[in-house]
Amino acid sequence: MQRFLADESCDFAVVRALRAANYDVVAVAETARGATDERIIGLALGERRILLTEDKDFGQLVFASAKATGGVMLIRFPASARDALPARILDVVRREGTRLERSFAVVQPKRTRIVALPG
């Protein structure tokens with residue numbers, strides 16, 4: 001079963017939904033508040049967790065700066081669709097499973113794009 005690290009930008013409703021479904025989720029807001037993006041991506045990699053974030057800067061780190069990662073789920077949800085966010089993330093996690101590992105996934109209300117990362 002996948003393990004996750006939720007960045008401070010990740011809606012905490014996602015953390016609660018994944019935990020309720022028995023996924024192992026560590027929230028940066030609870031354990032490393034104020035950590036830099038570089039530290040967060042390092043924690044996720046070191047603990048073999050998929051990073052959950054709404055911060056587009058992680059795309060820059062992964063692609064332009066070639067930072068190693070065990071996987072990133074970038075959540076892009078407008079305010080008008082926030083109520084559906086926890087269920088949508090849970091659905092993507094269940095449906096895509098291990099495909100999320102070592103990938104960069106962009107999750108939107110009605111679309112998910114997944115790109116395998118090198119290495």
# chains A, B, ... in the order shown; residues from 1 in each chain; ligands from 1
$ closest_atom_pairs --of "region 50-81 of chain A" --to "region 115-118 of chain A" --cutoff "12 Å" --atoms "only C-alpha atoms" --output "JSON lines"
{"residue": "A:Gly59", "atom": "CA", "partner": "A:Leu117", "partner_atom": "CA", "distance": 11.4}
{"residue": "A:Val62", "atom": "CA", "partner": "A:Leu117", "partner_atom": "CA", "distance": 8.6}
{"residue": "A:Phe63", "atom": "CA", "partner": "A:Leu117", "partner_atom": "CA", "distance": 8.7}
{"residue": "A:Ala66", "atom": "CA", "partner": "A:Pro118", "partner_atom": "CA", "distance": 9.3}
{"residue": "A:Lys67", "atom": "CA", "partner": "A:Leu117", "partner_atom": "CA", "distance": 10.4}
{"residue": "A:Ala68", "atom": "CA", "partner": "A:Leu117", "partner_atom": "CA", "distance": 8.8}
{"residue": "A:Thr69", "atom": "CA", "partner": "A:Leu117", "partner_atom": "CA", "distance": 8.4}
{"residue": "A:Gly70", "atom": "CA", "partner": "A:Leu117", "partner_atom": "CA", "distance": 8.9}
{"residue": "A:Gly71", "atom": "CA", "partner": "A:Leu117", "partner_atom": "CA", "distance": 8.0}
{"residue": "A:Val72", "atom": "CA", "partner": "A:Leu117", "partner_atom": "CA", "distance": 9.7}
{"residue": "A:Met73", "atom": "CA", "partner": "A:Val115", "partner_atom": "CA", "distance": 10.5}
{"residue": "A:Leu74", "atom": "CA", "partner": "A:Val115", "partner_atom": "CA", "distance": 11.6}
$ write_last_selection --atoms "C-alpha atoms" --output "tab-separated table (two decimals), in the first residue's frame"
chain	number	residue	atom	x	y	z
A	59	GLY	CA	7.14	20.56	-10.62
A	62	VAL	CA	11.38	17.58	-10.13
A	63	PHE	CA	11.68	18.52	-13.79
A	66	ALA	CA	16.05	17.05	-11.55
A	67	LYS	CA	15.45	16.37	-7.85
A	68	ALA	CA	14.96	12.68	-7.14
A	69	THR	CA	11.54	11.72	-5.82
A	70	GLY	CA	9.47	8.66	-5.04
A	71	GLY	CA	6.47	10.30	-6.67
A	72	VAL	CA	4.51	13.54	-6.58
A	73	MET	CA	0.77	14.14	-6.79
A	74	LEU	CA	0.16	17.79	-7.69
$ residues_around --residues "region 93-108 of chain A" --least-positions-apart "3" --cutoff "12 Å" --atoms "only C-alpha atoms" --output "VMD selection string"
chain A and resid 1 to 4 14 17 to 18 21 to 23 44 to 45 48 to 56 58 to 63 67 to 79 81 to 82 84 to 90 111 to 119
$ select_by_dssp --residues "chain A" --states "helix (DSSP H, G or I)" --output "PyMOL selection string"
chain A and resi 12-20+28-31+37-46+57-64+79-100
$ atom_distance --atom1 "CA of Glu38 (chain A)" --atom2 "CA of Val92 (chain A)"
25.5 Å
$ select_by_dssp --residues "chain A" --states "strand (DSSP E or B)" --output "list in words"
Arg3, Phe4, Leu5, Ala6, Asp24, Val25, Val26, Ala27, Ile50, Leu51, Leu52, Thr53, Val72, Met73, Leu74, Ile75, Ser103, Phe104, Ala105, Val106, Val107, Thr112, Arg113, Ile114, Val115 and Ala116 of chain A
$ write_last_selection --atoms "N, CA and C atoms" --output "tab-separated table (two decimals), in the first residue's frame"
chain	number	residue	atom	x	y	z
A	3	ARG	N	2.44	4.93	0.61
A	3	ARG	CA	2.64	5.79	1.78
A	3	ARG	C	2.76	7.21	1.25
A	4	PHE	N	2.28	8.19	2.01
A	4	PHE	CA	2.21	9.57	1.53
A	4	PHE	C	2.82	10.55	2.53
A	5	LEU	N	3.32	11.65	1.98
A	5	LEU	CA	3.74	12.81	2.76
A	5	LEU	C	2.95	13.99	2.23
A	6	ALA	N	2.13	14.58	3.06
A	6	ALA	CA	1.29	15.70	2.65
A	6	ALA	C	2.00	17.01	2.99
A	24	ASP	N	-1.11	5.21	5.08
A	24	ASP	CA	-0.09	5.80	5.95
A	24	ASP	C	0.23	7.18	5.40
A	25	VAL	N	-0.19	8.22	6.13
A	25	VAL	CA	0.02	9.60	5.69
A	25	VAL	C	0.68	10.40	6.80
A	26	VAL	N	1.82	10.99	6.48
A	26	VAL	CA	2.49	11.92	7.39
A	26	VAL	C	2.21	13.32	6.85
A	27	ALA	N	1.78	14.20	7.73
A	27	ALA	CA	1.49	15.58	7.34
A	27	ALA	C	2.61	16.50	7.80
A	50	ILE	N	4.97	9.09	-1.35
A	50	ILE	CA	4.51	9.91	-2.47
A	50	ILE	C	4.11	11.26	-1.88
A	51	LEU	N	4.62	12.32	-2.46
A	51	LEU	CA	4.34	13.66	-1.97
A	51	LEU	C	3.00	14.15	-2.50
A	52	LEU	N	2.15	14.62	-1.60
A	52	LEU	CA	0.87	15.24	-1.96
A	52	LEU	C	1.04	16.75	-1.78
A	53	THR	N	0.78	17.51	-2.82
A	53	THR	CA	1.00	18.95	-2.73
A	53	THR	C	0.07	19.71	-3.65
A	72	VAL	N	5.17	12.29	-6.98
A	72	VAL	CA	4.51	13.54	-6.58
A	72	VAL	C	3.10	13.54	-7.15
A	73	MET	N	2.14	13.90	-6.32
A	73	MET	CA	0.77	14.14	-6.79
A	73	MET	C	0.50	15.64	-6.60
A	74	LEU	N	0.45	16.36	-7.72
A	74	LEU	CA	0.16	17.79	-7.69
A	74	LEU	C	-1.34	17.96	-7.85
A	75	ILE	N	-1.96	18.53	-6.86
A	75	ILE	CA	-3.42	18.70	-6.83
A	75	ILE	C	-3.77	20.08	-7.36
A	103	SER	N	6.40	8.65	-10.19
A	103	SER	CA	5.69	9.39	-11.24
A	103	SER	C	5.35	10.78	-10.75
A	104	PHE	N	5.02	11.63	-11.70
A	104	PHE	CA	4.51	12.96	-11.38
A	104	PHE	C	3.09	12.98	-11.90
A	105	ALA	N	2.13	13.08	-10.99
A	105	ALA	CA	0.71	13.06	-11.36
A	105	ALA	C	0.10	14.43	-11.09
A	106	VAL	N	-0.66	14.92	-12.04
A	106	VAL	CA	-1.42	16.15	-11.86
A	106	VAL	C	-2.88	15.73	-11.78
A	107	VAL	N	-3.51	16.01	-10.64
A	107	VAL	CA	-4.88	15.58	-10.41
A	107	VAL	C	-5.79	16.80	-10.44
A	112	THR	N	-6.71	13.25	-14.79
A	112	THR	CA	-5.45	12.95	-14.13
A	112	THR	C	-4.41	12.67	-15.20
A	113	ARG	N	-3.29	13.36	-15.12
A	113	ARG	CA	-2.16	13.11	-16.02
A	113	ARG	C	-1.02	12.54	-15.19
A	114	ILE	N	-0.47	11.43	-15.66
A	114	ILE	CA	0.63	10.79	-14.94
A	114	ILE	C	1.80	10.60	-15.88
A	115	VAL	N	2.96	11.12	-15.45
A	115	VAL	CA	4.19	11.00	-16.24
A	115	VAL	C	5.20	10.24	-15.40
A	116	ALA	N	5.72	9.14	-15.94
A	116	ALA	CA	6.76	8.39	-15.23
A	116	ALA	C	8.03	9.22	-15.17
$ decode --residues "region 60-79 of chain A" --atoms "C-alpha atoms" --output "short mmCIF file (atom, residue, chain, number, x, y, z; two decimals), in the first residue's frame"
data_model
loop_
_atom_site.label_atom_id
_atom_site.label_comp_id
_atom_site.auth_asym_id
_atom_site.auth_seq_id
_atom_site.Cartn_x
_atom_site.Cartn_y
_atom_site.Cartn_z
CA GLN A 60 10.08 22.92 -11.05
CA LEU A 61 12.15 20.94 -8.54
CA VAL A 62 11.38 17.58 -10.13
CA PHE A 63 11.68 18.52 -13.79
CA ALA A 64 13.97 21.55 -14.11
CA SER A 65 16.21 20.85 -11.10
CA ALA A 66 16.05 17.05 -11.55
CA LYS A 67 15.45 16.37 -7.85
CA ALA A 68 14.96 12.68 -7.14
CA THR A 69 11.54 11.72 -5.82
CA GLY A 70 9.47 8.66 -5.04
CA GLY A 71 6.47 10.30 -6.67
CA VAL A 72 4.51 13.54 -6.58
CA MET A 73 0.77 14.14 -6.79
CA LEU A 74 0.16 17.79 -7.69
CA ILE A 75 -3.42 18.70 -6.83
CA ARG A 76 -5.01 21.38 -9.03
CA PHE A 77 -8.57 22.00 -7.83
CA PRO A 78 -10.48 25.28 -8.18
CA ALA A 79 -12.42 26.62 -5.20
#
